[in-house]
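**Student:** I am sharing model.cif, which consists of mmCIF, C-alpha atoms and all ligand atoms:
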```
data_target
loop_
_atom_site.label_atom_id
_atom_site.label_comp_id
_atom_site.auth_asym_id
_atom_site.auth_seq_id
_atom_site.Cartn_x
_atom_site.Cartn_y
_atom_site.Cartn_z
CA MET A 1 16.04 13.73 23.02
CA ALA A 2 13.58 16.32 21.73
CA ASN A 3 14.30 15.44 18.11
CA THR A 4 13.50 11.78 18.56
CA THR A 5 10.11 10.05 18.51
CA ALA A 6 9.24 6.36 18.52
CA PHE A 7 6.12 4.90 16.90
CA ARG A 8 4.74 1.60 18.14
CA ALA A 9 2.67 -0.54 15.74
CA SER A 10 2.99 -3.53 13.46
CA ILE A 11 5.53 -2.63 10.79
CA LEU A 12 5.78 -3.90 7.20
CA HIS A 13 8.29 -2.83 4.57
CA CYS A 14 10.25 -4.23 1.62
CA LEU A 15 14.02 -4.59 1.73
CA ALA A 16 14.24 -5.74 -1.90
CA ASP A 17 11.96 -6.87 -4.73
CA PRO A 18 9.88 -9.70 -3.20
CA GLY A 19 9.30 -11.34 -6.60
CA SER A 20 6.85 -14.18 -6.13
CA ALA A 21 7.34 -14.45 -2.35
CA THR A 22 4.19 -15.06 -0.34
CA ASP A 23 5.68 -15.76 3.09
CA HIS A 24 7.66 -13.08 4.90
CA ASN A 25 9.34 -15.72 7.05
CA LYS A 26 10.83 -17.33 3.95
CA THR A 27 12.05 -14.23 2.12
CA SER A 28 14.63 -11.66 3.06
CA ALA A 29 12.87 -9.16 0.75
CA VAL A 30 10.13 -8.28 3.25
CA GLU A 31 10.35 -7.45 6.93
CA TYR A 32 7.27 -7.75 9.15
CA ILE A 33 7.40 -6.92 12.85
CA ASP A 34 4.21 -7.73 14.70
CA ASP A 35 4.90 -5.53 17.74
CA GLY A 36 7.30 -3.08 16.16
CA LEU A 37 8.94 0.20 17.01
CA LEU A 38 9.99 2.78 14.42
CA ILE A 39 12.41 5.28 15.92
CA VAL A 40 12.70 8.59 14.09
CA GLU A 41 15.45 11.10 14.80
CA ARG A 42 15.54 14.51 13.13
CA GLY A 43 13.09 13.30 10.47
CA LEU A 44 15.12 10.23 9.53
CA VAL A 45 14.72 6.57 10.43
CA ARG A 46 17.11 5.73 13.24
CA GLU A 47 16.07 2.16 13.79
CA THR A 48 13.22 -0.33 13.52
CA GLY A 49 12.82 -3.47 15.56
CA ASN A 50 10.83 -5.36 18.13
CA ALA A 51 9.16 -2.88 20.51
CA GLU A 52 9.79 -4.80 23.71
CA ALA A 53 13.46 -5.24 22.87
CA LEU A 54 13.98 -1.58 21.94
CA LEU A 55 11.86 0.20 24.54
CA GLY A 56 14.13 -0.80 27.43
CA GLY A 57 17.09 0.91 25.80
CA LEU A 58 15.28 4.16 24.95
CA SER A 59 15.99 7.19 27.09
CA GLU A 60 12.97 8.23 29.14
CA ASP A 61 12.38 11.57 27.48
CA ILE A 62 11.72 9.99 24.07
CA LYS A 63 8.05 10.22 23.21
CA VAL A 64 6.39 6.96 22.20
CA VAL A 65 3.34 7.31 19.93
CA ASP A 66 1.07 4.33 20.33
CA HIS A 67 -0.51 2.97 17.12
CA ARG A 68 -0.51 -0.56 18.49
CA ASP A 69 -3.56 -2.02 16.75
CA LYS A 70 -2.47 -0.59 13.41
CA LEU A 71 0.10 -1.19 10.65
CA ILE A 72 2.90 1.22 9.74
CA VAL A 73 4.10 1.06 6.13
CA PRO A 74 6.33 3.38 4.07
CA GLY A 75 4.57 6.38 2.54
CA MET A 76 3.12 5.43 -0.82
CA ILE A 77 4.54 6.80 -4.06
CA ASP A 78 2.50 7.85 -7.09
CA CYS A 79 4.77 7.74 -10.15
CA HIS A 80 2.40 9.60 -12.50
CA VAL A 81 -0.44 12.00 -11.78
CA HIS A 82 -1.88 15.27 -13.18
CA PHE A 83 -2.82 17.68 -10.39
CA PRO A 84 -4.82 20.02 -12.70
CA GLN A 85 -7.10 17.14 -13.65
CA VAL A 86 -8.62 16.49 -10.21
CA ASP A 87 -11.69 18.49 -11.24
CA ILE A 88 -12.38 16.25 -14.26
CA ILE A 89 -11.73 12.87 -12.65
CA ALA A 90 -14.49 10.43 -13.66
CA SER A 91 -15.57 12.15 -16.87
CA TYR A 92 -17.71 9.96 -19.08
CA GLY A 93 -17.24 8.23 -22.32
CA GLU A 94 -14.09 8.96 -24.29
CA GLN A 95 -10.81 7.29 -25.12
CA LEU A 96 -7.55 9.19 -24.81
CA LEU A 97 -7.45 11.66 -27.72
CA ASP A 98 -11.11 12.69 -27.45
CA TRP A 99 -10.90 12.69 -23.65
CA LEU A 100 -8.01 15.18 -23.82
CA ASN A 101 -9.96 17.51 -26.12
CA ARG A 102 -13.28 17.22 -24.35
CA TYR A 103 -12.17 17.26 -20.70
CA ALA A 104 -8.45 17.64 -19.95
CA TYR A 105 -7.56 20.66 -22.12
CA PRO A 106 -10.53 22.81 -21.03
CA ALA A 107 -9.73 22.05 -17.36
CA GLU A 108 -6.06 22.94 -17.89
CA GLN A 109 -6.89 26.28 -19.52
CA LYS A 110 -8.21 27.52 -16.17
CA PHE A 111 -4.66 27.35 -14.76
CA ALA A 112 -3.74 30.58 -16.47
CA ASP A 113 -5.28 31.98 -13.27
CA ALA A 114 -2.73 31.64 -10.45
CA ALA A 115 -5.44 31.77 -7.76
CA HIS A 116 -7.24 28.82 -9.35
CA ALA A 117 -3.93 26.93 -9.58
CA ALA A 118 -3.23 27.56 -5.87
CA ASP A 119 -6.71 26.43 -4.89
CA VAL A 120 -6.45 23.14 -6.82
CA ALA A 121 -2.86 22.53 -5.61
CA ASP A 122 -4.04 22.90 -2.01
CA PHE A 123 -6.82 20.41 -2.51
CA PHE A 124 -4.61 17.99 -4.43
CA VAL A 125 -1.77 17.79 -1.92
CA ASP A 126 -4.18 17.47 1.02
CA GLU A 127 -5.89 14.67 -0.87
CA LEU A 128 -2.60 12.86 -1.53
CA LEU A 129 -1.79 12.98 2.19
CA ARG A 130 -5.29 11.83 3.12
CA ASN A 131 -4.69 8.82 0.85
CA GLY A 132 -1.29 7.99 2.33
CA THR A 133 0.70 9.18 -0.69
CA THR A 134 3.82 10.99 0.47
CA THR A 135 5.69 11.35 -2.84
CA ALA A 136 4.41 11.96 -6.36
CA LEU A 137 5.67 12.71 -9.85
CA VAL A 138 3.23 15.34 -11.05
CA PHE A 139 2.24 16.96 -14.33
CA ALA A 140 1.22 20.61 -13.96
CA THR A 141 -0.08 22.59 -16.98
CA VAL A 142 1.70 24.62 -19.62
CA HIS A 143 1.54 27.66 -17.29
CA PRO A 144 4.62 28.25 -15.08
CA GLN A 145 2.32 29.53 -12.33
CA SER A 146 0.75 26.07 -12.08
CA VAL A 147 4.19 24.69 -11.15
CA ASP A 148 4.71 27.47 -8.61
CA ALA A 149 1.36 26.55 -7.04
CA ILE A 150 2.09 22.85 -6.57
CA PHE A 151 5.68 23.39 -5.37
CA ASP A 152 4.65 26.13 -2.99
CA LYS A 153 2.09 23.86 -1.35
CA ALA A 154 4.43 20.82 -1.23
CA LEU A 155 7.22 22.91 0.27
CA ARG A 156 4.94 24.09 3.06
CA HIS A 157 4.45 20.41 3.97
CA ASN A 158 8.13 19.58 3.46
CA MET A 159 6.94 16.91 1.04
CA ARG A 160 9.13 15.02 -1.41
CA LEU A 161 7.49 15.87 -4.73
CA THR A 162 8.56 16.26 -8.34
CA ALA A 163 6.67 18.33 -10.92
CA GLY A 164 7.10 20.24 -14.13
CA LYS A 165 5.56 22.59 -16.63
CA VAL A 166 3.94 20.91 -19.63
CA LEU A 167 5.74 21.49 -22.91
CA MET A 168 3.22 21.59 -25.75
CA ASP A 169 3.50 23.63 -28.94
CA ARG A 170 1.15 21.94 -31.42
CA ASN A 171 -2.03 19.84 -31.85
CA CYS A 172 -3.79 21.38 -28.86
CA PRO A 173 -5.87 24.51 -28.15
CA GLU A 174 -4.07 27.76 -28.96
CA GLU A 175 -4.42 28.97 -25.34
CA LEU A 176 -2.41 25.97 -24.09
CA ARG A 177 0.57 26.33 -26.43
CA ASP A 178 4.03 27.50 -25.56
CA ASP A 179 6.74 27.66 -28.22
CA VAL A 180 10.19 26.17 -28.63
CA LYS A 181 11.96 29.12 -27.04
CA SER A 182 9.54 29.97 -24.22
CA GLY A 183 9.13 26.29 -23.32
CA TYR A 184 12.88 25.93 -22.83
CA GLN A 185 13.27 29.26 -21.03
CA ASP A 186 10.29 28.81 -18.68
CA SER A 187 11.45 25.28 -17.78
CA LEU A 188 14.97 26.52 -17.10
CA GLU A 189 13.71 29.29 -14.83
CA LEU A 190 11.55 26.82 -12.93
CA ILE A 191 14.53 24.48 -12.50
CA ARG A 192 16.57 27.33 -11.06
CA LYS A 193 13.75 28.42 -8.80
CA TRP A 194 12.63 25.06 -7.42
CA HIS A 195 14.89 22.09 -8.16
CA GLY A 196 16.59 20.95 -4.95
CA LYS A 197 14.63 23.33 -2.74
CA GLY A 198 13.46 21.38 0.33
CA ARG A 199 12.61 17.95 -1.05
CA LEU A 200 11.39 19.21 -4.42
CA SER A 201 12.70 18.17 -7.83
CA TYR A 202 11.90 19.37 -11.30
CA ALA A 203 10.68 17.25 -14.23
CA ILE A 204 11.08 18.37 -17.84
CA SER A 205 7.59 17.47 -19.07
CA PRO A 206 6.85 17.26 -22.80
CA ARG A 207 3.20 16.10 -22.63
CA PHE A 208 3.68 13.49 -25.37
CA ALA A 209 5.26 13.52 -28.79
CA VAL A 210 1.85 14.23 -30.38
CA THR A 211 1.80 17.77 -28.94
CA SER A 212 5.47 18.74 -29.31
CA SER A 213 7.23 19.75 -32.51
CA GLU A 214 10.59 18.19 -33.31
CA GLY A 215 12.18 21.51 -32.36
CA GLN A 216 10.57 21.41 -28.94
CA LEU A 217 11.57 17.78 -28.30
CA ALA A 218 15.14 18.64 -29.29
CA GLU A 219 15.22 21.58 -26.85
CA ALA A 220 13.73 19.39 -24.11
CA GLY A 221 16.53 16.89 -24.79
CA ARG A 222 19.11 19.66 -24.62
CA LEU A 223 17.74 20.81 -21.27
CA ALA A 224 17.76 17.19 -20.05
CA SER A 225 21.42 16.79 -20.99
CA GLU A 226 22.33 20.09 -19.32
CA HIS A 227 20.55 19.00 -16.09
CA SER A 228 21.11 15.29 -15.61
CA ASP A 229 19.76 15.34 -12.04
CA VAL A 230 16.41 16.70 -13.25
CA TYR A 231 13.66 14.27 -14.30
CA VAL A 232 12.06 13.77 -17.71
CA HIS A 233 8.36 12.93 -17.46
CA THR A 234 6.11 12.10 -20.40
CA HIS A 235 3.54 9.68 -21.83
CA LEU A 236 4.43 6.75 -24.06
CA ALA A 237 2.38 4.31 -26.14
CA GLU A 238 -0.85 4.51 -24.18
CA ASN A 239 -3.52 4.26 -26.84
CA SER A 240 -3.53 2.62 -30.28
CA ASP A 241 -4.82 5.73 -32.15
CA GLU A 242 -2.06 7.74 -30.46
CA VAL A 243 0.56 5.19 -31.55
CA GLU A 244 -0.72 5.39 -35.16
CA LEU A 245 -0.54 9.16 -35.07
CA ILE A 246 3.05 9.06 -33.86
CA ALA A 247 4.01 6.68 -36.69
CA LYS A 248 2.63 9.28 -39.16
CA GLN A 249 4.08 12.35 -37.44
CA PHE A 250 7.53 10.81 -37.02
CA SER A 251 7.62 8.58 -40.10
CA TRP A 252 11.40 8.17 -39.75
CA SER A 253 11.08 6.55 -36.33
CA ARG A 254 11.39 2.82 -35.60
CA SER A 255 8.96 3.08 -32.70
CA TYR A 256 7.30 5.61 -30.38
CA LEU A 257 10.09 5.20 -27.80
CA ASP A 258 12.62 5.71 -30.60
CA VAL A 259 11.25 9.28 -30.99
CA TYR A 260 12.06 10.15 -27.37
CA GLU A 261 15.39 8.34 -27.56
CA HIS A 262 16.32 10.23 -30.73
CA PHE A 263 15.84 13.55 -28.95
CA GLY A 264 17.85 12.56 -25.86
CA LEU A 265 14.82 12.08 -23.64
CA LEU A 266 15.50 8.46 -22.67
CA ARG A 267 17.94 8.36 -19.82
CA GLU A 268 18.15 7.77 -16.07
CA ARG A 269 15.35 9.70 -14.31
CA SER A 270 13.15 9.54 -17.41
CA VAL A 271 9.70 8.28 -16.45
CA PHE A 272 7.23 7.13 -19.11
CA ALA A 273 3.57 6.71 -18.25
CA HIS A 274 1.65 3.70 -19.63
CA CYS A 275 3.88 1.87 -22.16
CA LEU A 276 1.13 -0.48 -23.32
CA HIS A 277 2.51 -0.82 -26.85
CA LEU A 278 6.22 -1.62 -26.60
CA ASP A 279 8.21 -4.31 -28.34
CA ASP A 280 11.21 -6.12 -26.92
CA GLN A 281 13.66 -3.75 -28.59
CA ASP A 282 11.93 -0.85 -26.83
CA ARG A 283 12.07 -2.73 -23.53
CA ARG A 284 15.76 -3.44 -24.00
CA SER A 285 16.42 0.26 -24.71
CA MET A 286 14.36 1.31 -21.73
CA ALA A 287 16.30 -1.02 -19.42
CA ASP A 288 19.74 -0.25 -20.86
CA ASN A 289 19.22 3.50 -20.61
CA GLY A 290 17.77 3.46 -17.10
CA GLY A 291 14.29 4.72 -18.04
CA ALA A 292 11.29 3.81 -15.89
CA ILE A 293 7.65 2.96 -16.48
CA ALA A 294 4.64 4.25 -14.53
CA PHE A 295 2.02 1.49 -14.64
CA CYS A 296 -1.38 3.19 -14.38
CA PRO A 297 -4.04 0.47 -14.20
CA THR A 298 -7.12 2.50 -13.26
CA SER A 299 -6.46 4.87 -16.15
CA ASN A 300 -5.73 2.11 -18.64
CA LEU A 301 -9.07 0.51 -17.78
CA PHE A 302 -11.08 3.74 -17.52
CA LEU A 303 -9.86 5.21 -20.84
CA GLY A 304 -10.13 1.79 -22.48
CA SER A 305 -6.45 1.93 -23.37
CA GLY A 306 -5.44 -1.67 -22.72
CA LEU A 307 -3.54 -3.99 -20.41
CA PHE A 308 0.04 -3.35 -19.29
CA ASP A 309 2.40 -6.33 -19.72
CA LEU A 310 4.34 -6.27 -16.45
CA HIS A 311 5.79 -9.72 -17.02
CA SER A 312 7.68 -8.61 -20.16
CA ALA A 313 8.94 -5.44 -18.44
CA ARG A 314 10.17 -7.54 -15.53
CA LYS A 315 11.99 -9.97 -17.80
CA LYS A 316 14.09 -7.04 -19.03
CA ASP A 317 14.50 -5.74 -15.46
CA ILE A 318 12.90 -2.36 -16.25
CA ARG A 319 12.17 -0.06 -13.32
CA VAL A 320 8.39 0.03 -12.77
CA GLY A 321 6.24 1.87 -10.23
CA LEU A 322 2.50 2.43 -9.94
CA GLY A 323 0.83 5.65 -11.06
CA SER A 324 -2.71 6.87 -10.48
CA ASP A 325 -2.80 9.03 -13.63
CA VAL A 326 -5.69 11.04 -12.20
CA GLY A 327 -7.76 12.44 -13.95
CA GLY A 328 -7.51 9.63 -16.58
CA GLY A 329 -7.19 7.35 -13.55
CA THR A 330 -10.12 7.02 -11.19
CA SER A 331 -8.48 7.08 -7.76
CA LEU A 332 -5.61 8.85 -6.03
CA ASN A 333 -5.43 5.96 -3.60
CA MET A 334 -2.51 3.59 -4.15
CA LEU A 335 -4.28 0.62 -2.50
CA ARG A 336 -7.05 0.99 -5.07
CA THR A 337 -4.43 1.39 -7.79
CA ALA A 338 -2.59 -1.77 -6.67
CA SER A 339 -5.83 -3.71 -6.58
CA GLU A 340 -6.61 -2.75 -10.19
CA ALA A 341 -3.02 -3.66 -11.13
CA TYR A 342 -3.66 -7.14 -9.77
CA LYS A 343 -6.79 -7.46 -11.92
CA VAL A 344 -5.15 -6.11 -15.09
CA LEU A 345 -2.41 -8.71 -14.70
CA HIS A 346 -4.81 -11.48 -13.73
CA LEU A 347 -6.64 -10.93 -17.06
CA GLN A 348 -3.35 -11.74 -18.80
CA ASP A 349 -2.58 -14.77 -16.65
CA GLN A 350 0.16 -12.85 -14.86
CA ALA A 351 0.55 -13.04 -11.09
CA LEU A 352 0.90 -10.06 -8.79
CA PRO A 353 1.50 -11.48 -5.29
CA PRO A 354 0.63 -9.14 -2.40
CA PHE A 355 4.18 -8.23 -1.35
CA ARG A 356 5.06 -7.37 -4.95
CA ALA A 357 1.95 -5.20 -5.31
CA PHE A 358 3.04 -3.44 -2.12
CA TYR A 359 6.60 -3.10 -3.53
CA LEU A 360 5.29 -1.39 -6.68
CA ALA A 361 3.75 1.36 -4.52
CA THR A 362 6.74 1.73 -2.15
CA LEU A 363 10.33 0.58 -2.69
CA GLY A 364 9.84 -0.36 -6.36
CA ALA A 365 8.34 3.05 -7.09
CA ALA A 366 11.21 4.70 -5.21
CA ARG A 367 13.61 2.73 -7.41
CA ALA A 368 11.73 3.83 -10.54
CA LEU A 369 12.27 7.44 -9.42
CA TYR A 370 15.91 6.87 -8.34
CA LEU A 371 14.87 7.74 -4.79
CA ASP A 372 15.49 4.37 -3.14
CA GLY A 373 18.46 5.84 -1.29
CA LYS A 374 16.08 8.27 0.42
CA ILE A 375 12.60 6.74 0.69
CA GLY A 376 10.68 3.52 0.00
CA ASN A 377 11.38 1.58 3.20
CA PHE A 378 12.61 1.99 6.78
CA GLU A 379 16.33 1.39 6.41
CA PRO A 380 18.26 3.55 8.89
CA GLY A 381 19.00 7.02 7.51
CA LYS A 382 16.03 7.15 5.14
CA GLU A 383 13.46 9.92 5.35
CA ALA A 384 10.71 8.92 7.75
CA ASP A 385 7.68 9.26 5.47
CA PHE A 386 5.13 6.70 6.58
CA VAL A 387 1.48 5.78 6.76
CA VAL A 388 -0.54 4.25 9.59
CA LEU A 389 -3.06 1.81 8.13
CA ASP A 390 -6.18 0.74 9.98
CA SER A 391 -7.50 -2.69 9.07
CA ASN A 392 -10.71 -2.00 10.97
CA SER A 393 -11.69 1.01 8.88
CA THR A 394 -14.68 -0.70 7.31
CA SER A 395 -16.75 -3.55 8.63
CA ILE A 396 -16.02 -5.88 5.73
CA THR A 397 -12.25 -5.22 5.86
CA SER A 398 -12.27 -5.82 9.58
CA ARG A 399 -14.22 -9.04 9.22
CA ARG A 400 -12.11 -10.38 6.35
CA LEU A 401 -8.79 -9.57 8.03
CA SER A 402 -9.86 -11.19 11.30
CA THR A 403 -10.21 -14.53 9.49
CA SER A 404 -6.46 -14.87 8.95
CA ASP A 405 -3.16 -14.53 10.79
CA ASP A 406 -1.11 -14.76 7.62
CA VAL A 407 0.59 -11.46 6.77
CA ALA A 408 0.44 -11.90 2.99
CA GLU A 409 -3.22 -12.90 3.08
CA LYS A 410 -4.11 -9.92 5.27
CA LEU A 411 -2.11 -7.56 3.08
CA PHE A 412 -3.81 -8.88 -0.04
CA ALA A 413 -7.28 -8.37 1.46
CA LEU A 414 -6.29 -4.89 2.64
CA ILE A 415 -5.13 -4.01 -0.89
CA MET A 416 -8.30 -5.39 -2.48
CA LEU A 417 -10.71 -3.79 0.01
CA GLY A 418 -8.79 -0.74 1.19
CA ASP A 419 -8.99 2.90 0.16
CA ASP A 420 -8.60 6.29 1.83
CA ARG A 421 -10.63 5.03 4.79
CA ALA A 422 -7.78 2.66 5.67
CA VAL A 423 -5.37 5.59 6.16
CA ALA A 424 -5.48 6.58 9.84
CA ALA A 425 -2.49 8.93 9.68
CA THR A 426 0.25 10.11 7.34
CA TYR A 427 3.66 11.34 8.52
CA LEU A 428 6.26 13.33 6.58
CA MET A 429 9.78 13.11 8.01
CA GLY A 430 8.32 11.93 11.30
CA GLU A 431 5.87 14.84 11.55
CA LEU A 432 2.11 14.28 11.44
CA ALA A 433 0.79 15.58 8.11
CA HIS A 434 -2.70 14.10 8.19
CA SER A 435 -4.79 12.17 10.68
CA VAL A 436 -8.38 11.03 10.90
CA GLY A 437 -10.49 12.90 13.42
N1 LIG A 501 -1.32 11.60 -22.95
C1 LIG A 501 -1.08 12.90 -23.17
N2 LIG A 501 -1.64 13.67 -22.22
C2 LIG A 501 -2.28 12.83 -21.38
C3 LIG A 501 -3.04 13.04 -20.19
O1 LIG A 501 -3.27 14.16 -19.73
N3 LIG A 501 -3.52 11.92 -19.60
C4 LIG A 501 -3.28 10.67 -20.09
N4 LIG A 501 -3.78 9.63 -19.46
N5 LIG A 501 -2.57 10.47 -21.20
C5 LIG A 501 -2.07 11.53 -21.84
FE FE A 502 -1.10 10.91 -17.64
#
```
In structure tokens, what does this structure look like?
Ligand code: GUN
Ligand code: FE

**Tutor:**
Amino acid sequence: MANTTAFRASILHCLADPGSATDHNKTSAVEYIDDGLLIVERGLVRETGNAEALLGGLSEDIKVVDHRDKLIVPGMIDCHVHFPQVDIIASYGEQLLDWLNRYAYPAEQKFADAAHAADVADFFVDELLRNGTTTALVFATVHPQSVDAIFDKALRHNMRLTAGKVLMDRNCPEELRDDVKSGYQDSLELIRKWHGKGRLSYAISPRFAVTSSEGQLAEAGRLASEHSDVYVHTHLAENSDEVELIAKQFSWSRSYLDVYEHFGLLRERSVFAHCLHLDDQDRRSMADNGGAIAFCPTSNLFLGSGLFDLHSARKKDIRVGLGSDVGGGTSLNMLRTASEAYKVLHLQDQALPPFRAFYLATLGAARALYLDGKIGNFEPGKEADFVVLDSNSTSITSRRLSTSDDVAEKLFALIMLGDDRAVAATYLMGELAHSVG
């Protein structure tokens, strides 16, 4: 069958939240197949299983791609990233509010130029694929043409990607402001133009409550209620100066999350980056309303924001996925991001076992984005976005991984030591989208 291809390699994916599991033989949450076959038909997973058992039953004209010394995992998912900030990644010295003024806003002003936006979008998407990230929830800039640029590029790759125009009408440079009416209208036009095209979705994206007037937040909430299948994407309780500012700006509010909730912005498909300063009432609201958190460890460390309390989020069963938050974050690579997540939690005496770290970048992230019916693992019928990982990509990774036969131990070392060099190939719906060499 011309539309069918089989990929032979070791295969690892989550079937559920692995919790504290550290042995794939003792948990039904993780499936590991040492000599595995992933069969893809018309871009979707047809079947996974033991290669020797499946190969005999395959018709002879099905192509078998041999990745036998490597590991196939689901494409990784970045739940929060700013594509216009790739040019200011790793900028020295400031915490959030000064960092925005000194680095982020000047970089974003350049996106008034559509050619610049297209150039950065090209680089950004290629870089995601090179890092094994096949889905992302992306902030653009205030300019509609920045959204056109990122969607245009993602559509050409048939990538599953969600993005939106920043809404921002106060407390930022004049050149980056929209207004209540144009913010609503531009967002609506972008929804009509892009949402549901290919694998693209739109996200209504008030930057954070600091930079939106009450009128703008109310209009964003109206748009969100008119389009319940569209995402809401914003920042929440990242930095203590920011939280203090919010308490002054919205003196009527019980909490920062209460501001978003008041304006109808807390609902299913609402994704909040950071959430370092929540109380249990906020967590309960987040869980009850179906909101999700993007945990962005490299950013939280780099901007000196603080340590995310995953344990408390988990107790309330809140949806959580990992986010790179580049350019506040320091890597687009989700292995690097997961390794920093482990350390952030370790500092708080919280465990992040390897399968759960892996879950937060794959099935857990898909669940945070309400995409677990489509991506996140290799259940039959899901979109065949996957990554081929090479454990021999660096000499120290190779040496460390050769010391163990235990899957969890190898995965942990791969997460701690791995980066873009571990990504040998990236496939989108069964089609090669990036490969080394
Ligand atoms: N809060 C508001 N805007 C931003 C941003 O661009 N990056 C981060 N990390 N936090 C924000
Ligand atoms: Fe961010």

**Student:** Can you work out which residues are within 7 Å of ligand LIG 501 (chain A), considering only C-alpha atoms and all ligand atoms, and then hand them over as a count of residues only?

**Tutor:** 11

**Student:** What does the distance from atom CA of A:Ile39 to atom CA of A:Thr134 come to in Å, to one decimal?

**Tutor:**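 It comes out at 18.6 Å.
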
**Student:** Return as JSON the centre and edge lengths, in Å with one decimal, of the box along x, y and z that encloses every atom of stretch 61-67 of chain A in the file, padded by 6 Å per side.

**Tutor:**
```
{"center_x": 5.9, "center_y": 7.3, "center_z": 22.3, "size_x": 24.9, "size_y": 20.6, "size_z": 22.4}
```

**Student:** If we count only C-alpha atoms, what is near A:Gly132 at a cut-off of 12 Å, once residues fewer than 6 positions away on the same chain are taken out, given as a PyMOL selection string?

**Tutor:** chain A and resi 72-78+125-126+332-336+361-362+385-390+418-428+432-436

**Student:** Just how far from atom CA of A:Glu127 is atom CA of A:Val40, in Å to one decimal?

**Tutor:**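 Computed distance, atom CA of A:Val40 to atom CA of A:Glu127, equals 24.6 Å.
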
**Student:** Find the residue from A:Val86, A:Leu371, A:Leu54, A:Leu38 that sits nearest to ligand FE 502 (chain A); use only C-alpha atoms and all ligand atoms when measuring.

**Tutor:**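 Between A:Val86, A:Leu371, A:Leu54, A:Leu38, the residue approaching ligand FE 502 (chain A) most closely is A:Val86.
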
**Student:** What separation in Å, quoted to one decimal, exists between atom CA of A:Trp194 and atom CA of A:Gly264?

**Tutor:**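 That distance, rounded to one decimal, is 22.9 Å.
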
**Student:** Smallest atom-to-atom distance to A:Ile33: which of A:Ala16, A:Leu401, A:Leu71, A:Val230, using only C-alpha atoms?

**Tutor:**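 Using only C-alpha atoms, A:Ile33 sits closest to A:Leu71.
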
**Student:** Write out as a list in words the residues lying within 6 Å of A:Ile293, counting all atoms listed in the file and excluding same-chain residues fewer than 3 positions away.

**Tutor:**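 The residues that qualify are Val271, Phe272, Ala273 and Val320 of chain A.
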
**Student:** Just the residues within 12 Å of A:His262, please, counting all atoms listed in the file, with nothing from its chain fewer than 4 positions along; format it as a list in words.

**Tutor:**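 The contact residues come out as Ala209, Glu214, Leu217, Ala218, Ala220, Gly221, Arg222, Phe250, Trp252, Ser253, Arg254, Ser255, Tyr256, Leu257, Asp258, Leu266, Arg267 and Ser285 of chain A.
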
**Student:** Keeping only C-alpha atoms, write those residues as a JSON list (two decimals), in the coordinates of the input.

**Tutor:**
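Saved result, result.json, follows:
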```
[["chain", "number", "residue", "atom", "x", "y", "z"],
["A", 209, "ALA", "CA", 5.26, 13.52, -28.79],
["A", 214, "GLU", "CA", 10.59, 18.19, -33.31],
["A", 217, "LEU", "CA", 11.57, 17.78, -28.30],
["A", 218, "ALA", "CA", 15.14, 18.64, -29.29],
["A", 220, "ALA", "CA", 13.73, 19.39, -24.11],
["A", 221, "GLY", "CA", 16.53, 16.89, -24.79],
["A", 222, "ARG", "CA", 19.11, 19.66, -24.62],
["A", 250, "PHE", "CA", 7.53, 10.81, -37.02],
["A", 252, "TRP", "CA", 11.40, 8.17, -39.75],
["A", 253, "SER", "CA", 11.08, 6.55, -36.33],
["A", 254, "ARG", "CA", 11.39, 2.82, -35.60],
["A", 255, "SER", "CA", 8.96, 3.08, -32.70],
["A", 256, "TYR", "CA", 7.30, 5.61, -30.38],
["A", 257, "LEU", "CA", 10.09, 5.20, -27.80],
["A", 258, "ASP", "CA", 12.62, 5.71, -30.60],
["A", 266, "LEU", "CA", 15.50, 8.46, -22.67],
["A", 267, "ARG", "CA", 17.94, 8.36, -19.82],
["A", 285, "SER", "CA", 16.42, 0.26, -24.71]]
```

**Student:** Taking all atoms listed in the file into account, name the residue in A:Thr162, A:Ser398, A:Ser212, A:Gln85 that is nearest to ligand FE 502 (chain A).

**Tutor:**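 For ligand FE 502 (chain A), the nearest of the given residues is A:Gln85.
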
**Student:** Rank A:Thr394, A:Ser205, A:Thr22, A:Ser404 by their smallest atom-to-atom distance to ligand FE 502 (chain A), using all atoms listed in the file, and report the top residue only.

**Tutor:** A:Ser205

**Student:** Nearest to A:Lys63 among A:Val81, A:Leu37, A:Leu276, A:Ala6, with distances taken over all atoms listed in the file: which residue is it?

**Tutor:** A:Ala6

**Student:** With distances taken over only C-alpha atoms and all ligand atoms, which residue among A:His277, A:His80, A:Arg192, A:His346 lies nearest ligand FE 502 (chain A)?

**Tutor:**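 Checking each of A:His277, A:His80, A:Arg192, A:His346 against ligand FE 502 (chain A), counting only C-alpha atoms and all ligand atoms, the winner is A:His80.
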
**Student:** Can you tell me which residues surround A:Ala149 at a distance of at most 8 Å, considering only C-alpha atoms, apart from same-chain residues fewer than 5 positions away, and format the answer as a ChimeraX atom specification?

**Tutor:** /A:114,117-118,121
